[in-house]
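Just protein-v1.cif here, mmCIF, C-alpha atoms:
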```cif
data_my_file
loop_
_atom_site.label_atom_id
_atom_site.label_comp_id
_atom_site.auth_asym_id
_atom_site.auth_seq_id
_atom_site.Cartn_x
_atom_site.Cartn_y
_atom_site.Cartn_z
CA MET K 1 -30.11 7.87 -35.26
CA ILE K 2 -29.15 11.53 -35.36
CA ALA K 3 -28.36 12.82 -38.86
CA PRO K 4 -27.68 16.19 -40.54
CA VAL K 5 -29.71 15.20 -43.60
CA MET K 6 -32.83 13.17 -44.29
CA PRO K 7 -31.69 9.62 -45.20
CA SER K 8 -32.46 8.50 -48.72
CA ASP K 9 -31.86 5.67 -51.17
CA HIS K 10 -30.81 8.20 -53.83
CA GLY K 11 -29.60 11.78 -54.11
CA ASN K 12 -26.45 13.27 -52.59
CA GLY K 13 -23.74 11.14 -51.05
CA LEU K 14 -24.40 12.01 -47.40
CA ALA K 15 -28.13 11.30 -47.72
CA MET K 16 -27.39 7.96 -49.37
CA ARG K 17 -24.88 7.04 -46.66
CA ALA K 18 -27.44 7.87 -43.98
CA GLY K 19 -30.03 5.88 -45.94
CA PHE K 20 -27.73 2.86 -46.04
CA PHE K 21 -27.25 2.92 -42.25
CA LEU K 22 -30.97 3.44 -41.65
CA ASP K 23 -31.71 0.42 -43.84
CA ALA K 24 -29.06 -1.64 -42.02
CA TYR K 25 -30.29 -0.75 -38.53
CA ALA K 26 -33.93 -1.32 -39.49
CA GLN K 27 -33.09 -5.00 -40.07
CA ARG K 28 -32.45 -5.46 -36.32
CA PHE K 29 -33.84 -2.44 -34.44
CA ASP K 30 -36.83 -0.19 -34.05
CA VAL K 31 -35.35 3.12 -35.16
CA ASP K 32 -36.12 6.61 -33.92
CA LEU K 33 -34.68 9.17 -36.32
CA ALA K 34 -33.73 12.74 -35.39
CA VAL K 35 -32.78 14.97 -38.32
CA VAL K 36 -31.01 18.30 -37.92
CA PRO K 37 -31.13 19.49 -41.55
CA VAL K 38 -28.07 21.72 -41.63
CA ALA K 39 -27.91 21.38 -45.42
CA GLY K 40 -31.50 22.45 -46.16
CA ALA K 41 -35.11 21.31 -45.94
CA ALA K 42 -35.87 17.72 -44.94
CA GLN K 43 -38.72 15.89 -46.66
CA ILE K 44 -39.91 12.58 -45.19
CA SER K 45 -40.06 9.91 -47.89
CA ALA K 46 -41.73 6.51 -48.05
CA PHE K 47 -38.23 5.01 -47.81
CA VAL K 48 -37.70 6.63 -44.40
CA GLN K 49 -41.23 6.03 -43.11
CA ALA K 50 -40.94 2.30 -43.82
CA ARG K 51 -37.77 2.03 -41.71
CA THR K 52 -38.51 4.19 -38.68
CA ARG K 53 -40.71 4.06 -35.59
CA ARG K 54 -40.57 7.79 -34.96
CA ILE K 55 -39.20 10.78 -36.86
CA GLU K 56 -38.28 14.14 -35.38
CA ILE K 57 -37.00 17.09 -37.41
CA PHE K 58 -35.16 19.82 -35.50
CA PRO K 59 -34.47 22.69 -37.91
CA PRO K 60 -31.41 24.66 -36.79
CA GLY K 61 -32.44 28.19 -35.90
CA ARG K 62 -30.28 31.09 -34.84
CA PRO K 63 -26.62 30.34 -34.11
CA ASP K 64 -25.28 30.64 -30.59
CA SER K 65 -24.74 34.23 -29.48
CA HIS K 66 -20.94 34.09 -29.64
CA TYR K 67 -20.93 33.00 -33.30
CA GLY K 68 -23.62 35.58 -34.02
CA LEU K 69 -21.17 38.24 -32.86
CA VAL K 70 -18.43 36.73 -35.02
CA ALA K 71 -20.67 36.85 -38.09
CA SER K 72 -21.57 40.49 -37.41
CA VAL K 73 -17.96 41.70 -37.80
CA ARG K 74 -17.82 43.50 -41.15
CA ASP K 75 -14.08 43.61 -41.72
CA PRO K 76 -13.02 40.23 -43.25
CA ALA K 77 -9.70 40.13 -41.39
CA GLY K 78 -11.41 41.03 -38.12
CA ARG K 79 -14.12 38.44 -38.70
CA LEU K 80 -11.52 35.74 -39.36
CA GLU K 81 -9.63 36.63 -36.18
CA ALA K 82 -12.88 36.58 -34.20
CA PHE K 83 -13.71 33.17 -35.67
CA ARG K 84 -10.31 31.82 -34.65
CA ARG K 85 -10.96 33.03 -31.11
CA TYR K 86 -14.42 31.41 -31.22
CA GLY K 87 -12.55 28.12 -31.58
CA ARG K 88 -15.40 25.90 -32.81
CA PRO K 89 -16.36 24.81 -36.35
CA SER K 90 -18.98 27.13 -37.80
CA LEU K 91 -21.44 24.26 -38.26
CA THR K 92 -21.52 23.59 -34.53
CA ALA K 93 -22.79 27.12 -33.89
CA PHE K 94 -26.22 25.95 -35.04
CA ILE K 95 -26.05 22.63 -33.19
CA GLY K 96 -25.41 23.71 -29.59
CA PRO K 97 -28.78 25.46 -29.17
CA LEU K 98 -30.54 22.18 -30.09
CA ARG K 99 -29.01 20.12 -27.29
CA GLU K 100 -31.93 20.60 -24.93
CA VAL K 101 -34.55 19.34 -27.38
CA VAL K 102 -32.42 16.34 -28.37
CA ASP K 103 -31.73 15.60 -24.69
CA ALA K 104 -35.48 15.11 -24.28
CA LEU K 105 -35.16 11.99 -26.46
CA ALA K 106 -32.72 10.56 -23.94
CA ALA K 107 -35.14 11.20 -21.09
CA GLY K 108 -38.14 9.75 -22.89
CA SER K 109 -36.79 6.47 -24.25
CA ARG K 110 -34.21 3.82 -23.53
CA TYR K 111 -32.05 2.97 -26.52
CA ASP K 112 -29.69 0.09 -27.16
CA THR K 113 -27.62 2.11 -29.62
CA VAL K 114 -27.31 5.79 -30.46
CA HIS K 115 -25.79 6.47 -33.90
CA VAL K 116 -24.65 10.01 -34.71
CA PHE K 117 -23.62 11.13 -38.20
CA ARG K 118 -20.69 13.50 -38.62
CA LEU K 119 -18.37 14.98 -36.05
CA TYR K 120 -20.11 18.36 -35.96
CA LEU K 121 -23.21 16.65 -34.45
CA ALA K 122 -21.19 14.76 -31.81
CA GLU K 123 -22.26 16.90 -28.86
CA LEU K 124 -25.91 15.94 -29.47
CA ALA K 125 -25.01 12.57 -27.92
CA THR K 126 -24.05 14.24 -24.62
CA ALA K 127 -27.04 12.97 -22.64
CA TRP K 128 -26.39 9.35 -23.57
CA ILE K 129 -22.64 9.54 -23.11
CA GLY K 130 -23.25 10.64 -19.53
CA GLN K 131 -25.47 7.68 -18.65
CA ARG K 132 -23.77 5.01 -16.50
CA PRO K 133 -23.57 2.07 -16.27
CA ASP K 134 -26.41 0.93 -18.52
CA ARG K 135 -26.04 3.56 -21.21
CA PRO K 136 -26.47 2.57 -24.86
CA GLN K 137 -23.60 1.90 -27.23
CA ILE K 138 -22.65 5.25 -28.78
CA VAL K 139 -21.54 5.23 -32.42
CA LEU K 140 -20.16 8.15 -34.41
CA ASP K 141 -19.93 7.93 -38.17
CA CYS K 142 -17.33 10.53 -39.12
CA ASP K 143 -17.60 9.51 -42.78
CA GLU K 144 -14.47 11.57 -43.45
CA ASN K 145 -11.74 13.35 -41.49
CA ASP K 146 -13.06 16.92 -41.39
CA VAL K 147 -9.66 18.29 -40.38
CA GLN K 148 -8.03 16.86 -43.46
CA ALA K 149 -10.98 17.83 -45.65
CA TYR K 150 -10.80 21.51 -44.64
CA ARG K 151 -7.05 21.60 -45.11
CA ARG K 152 -7.60 20.37 -48.64
CA LEU K 153 -10.32 22.95 -49.15
CA ALA K 154 -7.79 25.58 -48.10
CA ALA K 155 -5.34 24.30 -50.71
CA MET K 156 -8.11 24.39 -53.33
CA GLU K 157 -8.96 27.99 -52.45
CA ARG K 158 -5.29 28.99 -52.70
CA ARG K 159 -5.21 27.54 -56.22
CA ARG K 160 -8.30 29.64 -56.98
CA HIS K 161 -6.45 32.74 -55.69
CA ALA K 162 -8.93 33.18 -52.82
CA PRO K 163 -6.66 33.81 -49.81
CA ASN K 164 -9.48 34.84 -47.46
CA ALA K 165 -11.47 31.68 -48.17
CA ALA K 166 -8.29 29.62 -47.75
CA ALA K 167 -7.55 31.21 -44.38
CA TRP K 168 -11.12 30.58 -43.20
CA ALA K 169 -10.89 26.90 -44.27
CA LEU K 170 -7.66 26.53 -42.29
CA ALA K 171 -9.37 28.05 -39.25
CA GLU K 172 -12.19 25.53 -39.69
CA ALA K 173 -9.60 22.73 -39.83
CA GLU K 174 -8.01 23.92 -36.58
CA ALA K 175 -11.44 24.09 -34.91
CA PHE K 176 -12.31 20.58 -36.11
CA ALA K 177 -8.99 19.30 -34.74
CA ARG K 178 -9.96 20.57 -31.29
CA LEU K 179 -13.44 19.11 -31.63
CA ALA K 180 -12.09 15.71 -32.74
CA GLY K 181 -9.60 15.55 -29.89
CA ALA K 182 -12.32 16.31 -27.34
CA TRP K 183 -15.12 14.12 -28.69
CA LEU K 184 -13.88 11.13 -30.69
CA PRO K 185 -12.50 9.24 -27.65
CA ARG K 186 -15.89 9.54 -25.94
CA PHE K 187 -17.63 7.26 -28.46
CA ASP K 188 -17.67 3.46 -28.23
CA ARG K 189 -17.32 3.03 -31.97
CA VAL K 190 -16.06 5.45 -34.62
CA LEU K 191 -16.69 4.76 -38.30
CA ALA K 192 -15.14 6.10 -41.51
CA ALA K 193 -15.82 5.65 -45.22
CA SER K 194 -12.39 4.35 -46.25
CA ASP K 195 -9.16 2.89 -44.90
CA ARG K 196 -7.37 6.15 -45.63
CA GLU K 197 -9.89 8.20 -43.64
CA ALA K 198 -9.80 5.68 -40.79
CA LYS K 199 -6.01 5.81 -40.56
CA SER K 200 -6.01 9.60 -40.49
CA LEU K 201 -8.46 9.58 -37.56
CA ALA K 202 -5.96 7.56 -35.51
CA ALA K 203 -4.20 10.87 -34.78
CA PHE K 204 -7.06 11.62 -32.37
CA GLY K 205 -6.61 8.45 -30.35
CA VAL K 206 -9.32 6.30 -31.91
CA ARG K 207 -9.33 3.18 -34.00
CA ALA K 208 -12.03 3.71 -36.61
CA ALA K 209 -13.81 0.86 -38.36
CA VAL K 210 -14.45 1.15 -42.10
CA ILE K 211 -17.94 1.04 -43.60
CA PRO K 212 -17.61 2.32 -47.17
CA ASN K 213 -20.23 4.08 -49.22
CA THR K 214 -22.33 1.57 -51.12
CA VAL K 215 -24.35 1.59 -54.31
CA THR K 216 -27.02 -0.84 -55.43
CA PRO K 217 -26.20 -1.82 -59.03
CA PRO K 218 -29.09 -1.22 -61.44
CA CYS K 219 -30.99 -4.31 -62.49
CA ALA K 220 -30.61 -3.57 -66.18
CA THR K 221 -27.33 -4.33 -67.91
CA PRO K 222 -25.44 -1.32 -69.27
CA ARG K 223 -26.82 -0.11 -72.57
CA ARG K 224 -24.91 -0.52 -75.78
CA ARG K 225 -23.35 2.36 -77.64
CA ARG K 226 -25.90 4.42 -79.60
CA ARG K 227 -25.29 6.82 -82.42
CA GLY K 228 -24.91 10.52 -81.96
CA PRO K 229 -22.54 12.84 -80.09
CA TYR K 230 -20.27 11.46 -77.39
CA LEU K 231 -21.98 12.17 -74.05
CA ILE K 232 -20.01 13.07 -70.92
CA VAL K 233 -21.69 13.40 -67.52
CA PHE K 234 -20.61 15.02 -64.27
CA VAL K 235 -22.75 14.31 -61.19
CA GLY K 236 -22.45 16.09 -57.84
CA THR K 237 -24.11 18.45 -55.40
CA LEU K 238 -22.99 21.75 -56.89
CA ALA K 239 -23.47 23.78 -53.72
CA TYR K 240 -20.46 21.83 -52.39
CA PRO K 241 -17.44 23.96 -53.39
CA PRO K 242 -15.15 21.07 -54.46
CA ASN K 243 -17.78 19.89 -56.97
CA ALA K 244 -18.26 23.39 -58.37
CA ASP K 245 -14.48 23.80 -58.55
CA ALA K 246 -14.12 20.46 -60.32
CA ILE K 247 -16.52 21.17 -63.16
CA THR K 248 -15.43 24.78 -63.68
CA TRP K 249 -11.80 23.59 -63.85
CA PHE K 250 -12.75 20.93 -66.42
CA VAL K 251 -14.64 23.38 -68.62
CA SER K 252 -11.91 26.03 -68.37
CA HIS K 253 -8.92 23.78 -68.99
CA VAL K 254 -10.12 20.66 -70.82
CA TRP K 255 -13.51 21.08 -72.44
CA ARG K 256 -12.73 23.33 -75.42
CA ARG K 257 -9.66 21.29 -76.34
CA LEU K 258 -11.71 18.10 -76.14
CA GLN K 259 -14.41 19.61 -78.35
CA ARG K 260 -11.85 20.38 -81.03
CA ALA K 261 -10.24 16.94 -80.73
CA LEU K 262 -13.62 15.25 -81.24
CA ALA K 263 -14.74 17.58 -84.04
CA PHE K 264 -17.36 19.07 -81.71
CA GLN K 265 -19.28 15.76 -81.67
CA VAL K 266 -19.34 15.77 -77.88
CA ARG K 267 -21.81 16.96 -75.23
CA LEU K 268 -21.40 17.61 -71.50
CA THR K 269 -24.23 17.24 -68.99
CA ILE K 270 -23.72 18.69 -65.50
CA VAL K 271 -26.15 17.08 -63.05
CA GLY K 272 -26.62 18.42 -59.53
CA GLY K 273 -28.68 20.71 -57.36
CA ASN K 274 -28.02 24.31 -56.35
CA PRO K 275 -25.42 25.27 -58.96
CA PRO K 276 -23.69 28.53 -58.07
CA PRO K 277 -23.84 31.31 -60.69
CA ASP K 278 -20.47 30.47 -62.26
CA VAL K 279 -21.63 26.88 -62.85
CA ALA K 280 -25.14 27.86 -64.02
CA ARG K 281 -23.56 30.17 -66.62
CA LEU K 282 -21.78 27.20 -68.19
CA ALA K 283 -25.10 26.26 -69.83
CA CYS K 284 -24.55 29.22 -72.18
CA GLN K 285 -21.58 27.47 -73.73
CA ARG K 286 -21.87 25.27 -76.78
CA GLY K 287 -22.58 21.62 -76.01
CA ILE K 288 -23.14 22.05 -72.23
CA THR K 289 -26.35 21.34 -70.30
CA VAL K 290 -26.78 22.17 -66.60
CA THR K 291 -29.78 20.24 -65.27
CA GLY K 292 -30.06 21.49 -61.69
CA ALA K 293 -31.54 19.06 -59.15
CA VAL K 294 -33.01 15.83 -60.53
CA ASP K 295 -35.03 13.08 -58.86
CA ASP K 296 -32.95 10.25 -60.28
CA VAL K 297 -29.48 10.32 -61.81
CA ALA K 298 -29.83 6.81 -63.28
CA ARG K 299 -31.19 8.01 -66.61
CA PHE K 300 -28.20 10.31 -67.07
CA TYR K 301 -25.80 7.46 -66.42
CA ARG K 302 -27.74 5.25 -68.86
CA ALA K 303 -27.30 7.88 -71.57
CA ALA K 304 -23.64 8.63 -70.84
CA ASP K 305 -20.56 7.38 -72.67
CA LEU K 306 -18.18 8.71 -70.01
CA ALA K 307 -18.38 9.98 -66.43
CA ILE K 308 -15.79 12.45 -65.16
CA ALA K 309 -14.71 13.26 -61.60
CA PRO K 310 -12.07 16.01 -61.78
CA VAL K 311 -12.36 16.69 -58.03
CA ARG K 312 -9.37 18.42 -56.42
CA GLY K 313 -10.48 19.10 -52.84
CA GLY K 314 -12.69 17.98 -49.97
CA GLY K 315 -12.77 14.68 -48.12
CA GLY K 316 -14.42 11.27 -47.90
CA THR K 317 -14.97 8.99 -50.87
CA ARG K 318 -16.66 10.16 -54.04
CA ILE K 319 -19.83 8.12 -54.37
CA LYS K 320 -20.21 9.48 -57.91
CA ILE K 321 -17.36 7.19 -59.01
CA ILE K 322 -18.97 4.10 -57.47
CA GLU K 323 -22.33 5.07 -59.01
CA ALA K 324 -20.86 5.47 -62.48
CA ALA K 325 -19.03 2.14 -62.20
CA ALA K 326 -22.19 0.36 -61.03
CA HIS K 327 -24.01 1.72 -64.08
CA GLY K 328 -21.32 0.43 -66.40
CA VAL K 329 -20.05 3.87 -67.41
CA PRO K 330 -16.27 4.32 -67.89
CA VAL K 331 -14.69 6.93 -65.66
CA VAL K 332 -11.88 9.46 -65.87
CA ALA K 333 -11.02 10.90 -62.46
CA THR K 334 -8.27 12.70 -60.64
CA THR K 335 -6.18 10.59 -58.29
CA PHE K 336 -7.68 12.58 -55.46
CA ALA K 337 -11.24 11.82 -56.57
CA ALA K 338 -10.51 8.08 -56.60
CA GLU K 339 -8.73 8.19 -53.24
CA GLY K 340 -10.24 5.86 -50.70
CA THR K 341 -11.80 3.57 -53.33
CA THR K 342 -10.50 0.23 -54.58
CA PHE K 343 -10.52 1.30 -58.24
CA GLN K 344 -7.15 1.21 -60.00
CA HIS K 345 -5.73 3.31 -62.81
CA GLY K 346 -5.57 1.40 -66.07
CA VAL K 347 -7.53 -1.52 -64.63
CA ASP K 348 -10.97 -0.13 -63.80
CA MET K 349 -10.70 3.52 -64.89
CA LEU K 350 -8.25 6.17 -66.02
CA MET K 351 -6.81 8.76 -63.65
CA ALA K 352 -5.19 12.08 -64.50
CA ASP K 353 -4.28 15.09 -62.40
CA ASP K 354 -3.48 17.86 -64.88
CA ALA K 355 -5.39 19.28 -67.80
CA THR K 356 -3.25 17.74 -70.54
CA ASN K 357 -3.43 14.21 -69.17
CA PHE K 358 -7.13 14.54 -68.32
CA LEU K 359 -7.75 15.58 -71.93
CA ARG K 360 -5.72 12.62 -73.22
CA ALA K 361 -7.64 10.17 -71.05
CA CYS K 362 -11.04 11.48 -72.18
CA ARG K 363 -9.96 11.52 -75.81
CA LEU K 364 -8.55 7.99 -75.56
CA LEU K 365 -11.78 6.53 -74.21
CA ALA K 366 -13.84 8.42 -76.79
CA ARG K 367 -11.78 6.94 -79.62
CA ASP K 368 -11.02 3.47 -78.23
CA ARG K 369 -14.43 1.98 -77.53
CA SER K 370 -12.96 -1.45 -76.86
CA LEU K 371 -10.76 -0.12 -74.03
CA SER K 372 -13.68 1.92 -72.75
CA ALA K 373 -15.90 -1.17 -72.59
CA ARG K 374 -13.23 -3.26 -70.83
CA LEU K 375 -12.60 -0.66 -68.15
CA ALA K 376 -16.34 -0.16 -67.59
CA ALA K 377 -16.95 -3.90 -67.26
CA ARG K 378 -14.13 -4.33 -64.74
CA ALA K 379 -15.25 -1.32 -62.74
CA ARG K 380 -18.82 -2.61 -62.62
CA THR K 381 -17.59 -5.95 -61.32
CA ARG K 382 -15.49 -4.24 -58.66
CA ALA K 383 -18.36 -1.96 -57.62
CA THR K 384 -20.67 -4.95 -57.28
CA ARG K 385 -18.10 -6.89 -55.27
CA ASP K 386 -16.55 -4.22 -53.03
CA TYR K 387 -19.51 -1.90 -52.46
CA SER K 388 -22.40 -4.34 -52.12
CA PRO K 389 -25.04 -2.99 -49.70
CA GLY K 390 -25.98 -6.54 -48.63
CA TYR K 391 -22.49 -7.40 -47.42
CA TRP K 392 -21.95 -4.11 -45.59
CA ARG K 393 -25.40 -4.17 -43.99
CA ALA K 394 -24.39 -7.44 -42.38
CA ARG K 395 -21.13 -5.85 -41.18
CA VAL K 396 -23.06 -3.00 -39.54
#
```
What does this structure look like when you write it as structure tokens?
Amino acid sequence: MIAPVMPSDHGNGLAMRAGFFLDAYAQRFDVDLAVVPVAGAAQISAFVQARTRRIEIFPPGRPDSHYGLVASVRDPAGRLEAFRRYGRPSLTAFIGPLREVVDALAAGSRYDTVHVFRLYLAELATAWIGQRPDRPQIVLDCDENDVQAYRRLAAMERRRHAPNAAAWALAEAEAFARLAGAWLPRFDRVLAASDREAKSLAAFGVRAAVIPNTVTPPCATPRRRRRGPYLIVFVGTLAYPPNADAITWFVSHVWRRLQRALAFQVRLTIVGGNPPPDVARLACQRGITVTGAVDDVARFYRAADLAIAPVRGGGGTRIKIIEAAAHGVPVVATTFAAEGTTFQHGVDMLMADDATNFLRACRLLARDRSLSARLAARARTRATRDYSPGYWRARV
């Protein structure tokens, strides 16, 4: 397995997805794990040690020389034009220099299967792809369609009146389109996290299989309503721009109106690591707590009356929705946030895409505890049925 993050049984969505696959493969294989921690430091946990034969961590160092020149251009317009000419996603600039050390794994061992996470790591499978005729089966888990995700990020940045960031995201999308066209057909099996993502990948000449994100439901039954202020929780890695955008949009357009509607008997807890300054500053506002990184989000779900997912950009499926449902917490989400899941508006949760309707949905669930309980119970049943790790491990 080659992953851009250390697999885990908790934490951010990508780490949990990698952890699920590691757990699944460990049922049938001896697993060697290579981690290229493009998102930060990688700590080896007991969870990973128990499921691997060998672990190698290859920290990305300096980018390739061409991208280094791109990054050195001071003028934003000139830097963008240089990046377009570079033609590769920025993440791959740190991956190419690692090919030689990863190729050594191919020379030193014979594998039955090589599983690579995310398109931007695809070229690390080069040595195995070239082996004939007894090469291993090569699997690429795209998780999401990066081309589509960056186009949506561009739209999000335009809404935030950040034209330079929007233009850069579009250039990333174009680079990922070239990368997908060149690499996806070279893998024996391509995976995606939802039917919608799988269908969108068909544009690159592949038929992707769906392995959704999964969540293990907590053993304890959801807690009953306790007295005190109404507690709302938002969970997400806050260094990821769509999550930061989601919570700042909610606070700017919904939160104060909701406080007044509920006579200020409401609290908001923002849970997630690496909050940017504009999110960290939200803790100065009345009724808002910003926790930063936490070891376990379960206790925040246990305390919550409502989980929100006002996400408006990005890609993949939002594991935060499945987590909340599994914990028996009712959810209000944008249609985009729920995209790719099996949850339905008015059946398992409420969905709203503008500030007024998002406010109405939150206010309705705060006042109608019977409806809130029914939606939460149905969502928990659906999460247990559709996102069961046991079933999907067998599929892998």
| request: Enumerate, as JSON, numbers by chain, the residues matched when the PyMOL selection byres ((chain K and resi 58-60) around 7) is run on the file above. | output: {"K": [35, 36, 37, 38, 56, 57, 61, 62, 94, 95]}
Residues from the last selection, C-alpha atoms, saved as a compact mmCIF listing (two decimals), in the coordinates of the input:
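Once everything was written out, this is again.txt:
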```txt
# COMPACT_ATOMS: atom_id res chain seq x y z
CA VAL K 35 -32.78 14.97 -38.32
CA VAL K 36 -31.01 18.30 -37.92
CA PRO K 37 -31.13 19.49 -41.55
CA VAL K 38 -28.07 21.72 -41.63
CA GLU K 56 -38.28 14.14 -35.38
CA ILE K 57 -37.00 17.09 -37.41
CA GLY K 61 -32.44 28.19 -35.90
CA ARG K 62 -30.28 31.09 -34.84
CA PHE K 94 -26.22 25.95 -35.04
CA ILE K 95 -26.05 22.63 -33.19
```
Which range 342-393 of chain K residues have any atom within 12 Å of an atom of range 1-24 of chain K, and for each, what is the nearest pair of atoms with distance in Å to one decimal, counting all atoms listed in the file, rows sorted by chain and number, as CSV?
```
residue,atom,partner,partner_atom,distance
K:Tyr387,CA,K:Phe20,CA,11.5
K:Ser388,CA,K:Phe20,CA,10.8
K:Pro389,CA,K:Phe20,CA,7.4
K:Gly390,CA,K:Ala24,CA,8.8
K:Tyr391,CA,K:Ala24,CA,10.3
K:Trp392,CA,K:Ala24,CA,8.3
K:Arg393,CA,K:Ala24,CA,4.9
```
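Note on the selection: in this file the PyMOL selection byres ((chain K and resi 210-219) around 7) comes out as Arg17, Leu191, Ala192, Ala193, Ser194, Asp195, Ala198, Ala208, Ala209, Ala220, Thr221, Ile319, Ile322, Glu323, Ala326, His327, Thr384, Tyr387, Ser388, Pro389 and Trp392 of chain K.
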Using only C-alpha atoms, list the residues that have an atom at most 10 Å from (-16.3, 22.3, -59.1), coordinates as in the file, as an mmCIF file with C-alpha atoms, in the frame of the given file.
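Saved result, selection28.cif, follows:
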```
data_model
loop_
_atom_site.group_PDB
_atom_site.id
_atom_site.type_symbol
_atom_site.label_atom_id
_atom_site.label_comp_id
_atom_site.auth_asym_id
_atom_site.auth_seq_id
_atom_site.Cartn_x
_atom_site.Cartn_y
_atom_site.Cartn_z
ATOM 1 C CA PHE K 234 -20.610 15.020 -64.270
ATOM 2 C CA GLY K 236 -22.450 16.090 -57.840
ATOM 3 C CA THR K 237 -24.110 18.450 -55.400
ATOM 4 C CA LEU K 238 -22.990 21.750 -56.890
ATOM 5 C CA ALA K 239 -23.470 23.780 -53.720
ATOM 6 C CA TYR K 240 -20.460 21.830 -52.390
ATOM 7 C CA PRO K 241 -17.440 23.960 -53.390
ATOM 8 C CA PRO K 242 -15.150 21.070 -54.460
ATOM 9 C CA ASN K 243 -17.780 19.890 -56.970
ATOM 10 C CA ALA K 244 -18.260 23.390 -58.370
ATOM 11 C CA ASP K 245 -14.480 23.800 -58.550
ATOM 12 C CA ALA K 246 -14.120 20.460 -60.320
ATOM 13 C CA ILE K 247 -16.520 21.170 -63.160
ATOM 14 C CA THR K 248 -15.430 24.780 -63.680
ATOM 15 C CA TRP K 249 -11.800 23.590 -63.850
ATOM 16 C CA PHE K 250 -12.750 20.930 -66.420
ATOM 17 C CA VAL K 251 -14.640 23.380 -68.620
ATOM 18 C CA PRO K 275 -25.420 25.270 -58.960
ATOM 19 C CA PRO K 276 -23.690 28.530 -58.070
ATOM 20 C CA ASP K 278 -20.470 30.470 -62.260
ATOM 21 C CA VAL K 279 -21.630 26.880 -62.850
ATOM 22 C CA ALA K 309 -14.710 13.260 -61.600
ATOM 23 C CA PRO K 310 -12.070 16.010 -61.780
ATOM 24 C CA VAL K 311 -12.360 16.690 -58.030
ATOM 25 C CA ARG K 312 -9.370 18.420 -56.420
ATOM 26 C CA GLY K 313 -10.480 19.100 -52.840
#
```
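The residue that comes closest to Arg88 in chain K, out of K:Ala173, K:Ala71, K:Leu359, K:Val254 and on the basis of only C-alpha atoms, is K:Ala173.
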| said: Using only C-alpha atoms, which protein or nucleic acid residues come within 10 Å of Arg53 in chain K? Drop anything in the same chain fewer than 2 positions from it, and give the result as a ChimeraX atom specification. | reply: /K:26,29-33,48-51,55
| What is the CA of Ala166 in chain K-CA of Ala283 in chain K distance in Å, reported with one decimal? | 28.0 Å
| Any chance you could work out the residue set of the PyMOL selection byres ((chain K and resi 104) around 12) here, as a ChimeraX atom specification? | /K:34,56,98-103,105-110,124-128
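Between CA of Thr289 in chain K and CA of Ser370 in chain K there is a distance of 27.2 Å.
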How would range 236-248 of chain K look with N, CA and C atoms restored, written as a PDB file, in the frame of the given file?
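Printed below is part_29.pdb as written:
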```pdb
ATOM      1  N   GLY K 236     -22.899  15.654 -59.168  1.00  0.00           N
ATOM      2  CA  GLY K 236     -22.450  16.090 -57.840  1.00  0.00           C
ATOM      3  C   GLY K 236     -23.301  17.229 -57.326  1.00  0.00           C
ATOM      4  N   THR K 237     -23.411  17.332 -56.017  1.00  0.00           N
ATOM      5  CA  THR K 237     -24.110  18.450 -55.400  1.00  0.00           C
ATOM      6  C   THR K 237     -23.279  19.712 -55.631  1.00  0.00           C
ATOM      7  N   LEU K 238     -23.798  20.629 -56.416  1.00  0.00           N
ATOM      8  CA  LEU K 238     -22.990  21.750 -56.890  1.00  0.00           C
ATOM      9  C   LEU K 238     -22.865  22.874 -55.875  1.00  0.00           C
ATOM     10  N   ALA K 239     -23.660  22.813 -54.808  1.00  0.00           N
ATOM     11  CA  ALA K 239     -23.470  23.780 -53.720  1.00  0.00           C
ATOM     12  C   ALA K 239     -22.212  23.442 -52.918  1.00  0.00           C
ATOM     13  N   TYR K 240     -21.688  22.232 -53.079  1.00  0.00           N
ATOM     14  CA  TYR K 240     -20.460  21.830 -52.390  1.00  0.00           C
ATOM     15  C   TYR K 240     -19.284  22.371 -53.181  1.00  0.00           C
ATOM     16  N   PRO K 241     -18.484  23.276 -52.617  1.00  0.00           N
ATOM     17  CA  PRO K 241     -17.440  23.960 -53.390  1.00  0.00           C
ATOM     18  C   PRO K 241     -16.500  23.052 -54.180  1.00  0.00           C
ATOM     19  N   PRO K 242     -16.034  21.900 -53.646  1.00  0.00           N
ATOM     20  CA  PRO K 242     -15.150  21.070 -54.460  1.00  0.00           C
ATOM     21  C   PRO K 242     -15.789  20.557 -55.746  1.00  0.00           C
ATOM     22  N   ASN K 243     -17.115  20.321 -55.743  1.00  0.00           N
ATOM     23  CA  ASN K 243     -17.780  19.890 -56.970  1.00  0.00           C
ATOM     24  C   ASN K 243     -17.867  21.043 -57.972  1.00  0.00           C
ATOM     25  N   ALA K 244     -18.220  22.231 -57.483  1.00  0.00           N
ATOM     26  CA  ALA K 244     -18.260  23.390 -58.370  1.00  0.00           C
ATOM     27  C   ALA K 244     -16.884  23.693 -58.936  1.00  0.00           C
ATOM     28  N   ASP K 245     -15.861  23.592 -58.094  1.00  0.00           N
ATOM     29  CA  ASP K 245     -14.480  23.800 -58.550  1.00  0.00           C
ATOM     30  C   ASP K 245     -14.098  22.782 -59.606  1.00  0.00           C
ATOM     31  N   ALA K 246     -14.500  21.529 -59.392  1.00  0.00           N
ATOM     32  CA  ALA K 246     -14.120  20.460 -60.320  1.00  0.00           C
ATOM     33  C   ALA K 246     -14.660  20.707 -61.721  1.00  0.00           C
ATOM     34  N   ILE K 247     -15.940  21.047 -61.822  1.00  0.00           N
ATOM     35  CA  ILE K 247     -16.520  21.170 -63.160  1.00  0.00           C
ATOM     36  C   ILE K 247     -16.093  22.480 -63.832  1.00  0.00           C
ATOM     37  N   THR K 248     -15.909  23.544 -63.053  1.00  0.00           N
ATOM     38  CA  THR K 248     -15.430  24.780 -63.680  1.00  0.00           C
ATOM     39  C   THR K 248     -13.986  24.607 -64.151  1.00  0.00           C
TER      40      THR K 248
END
```
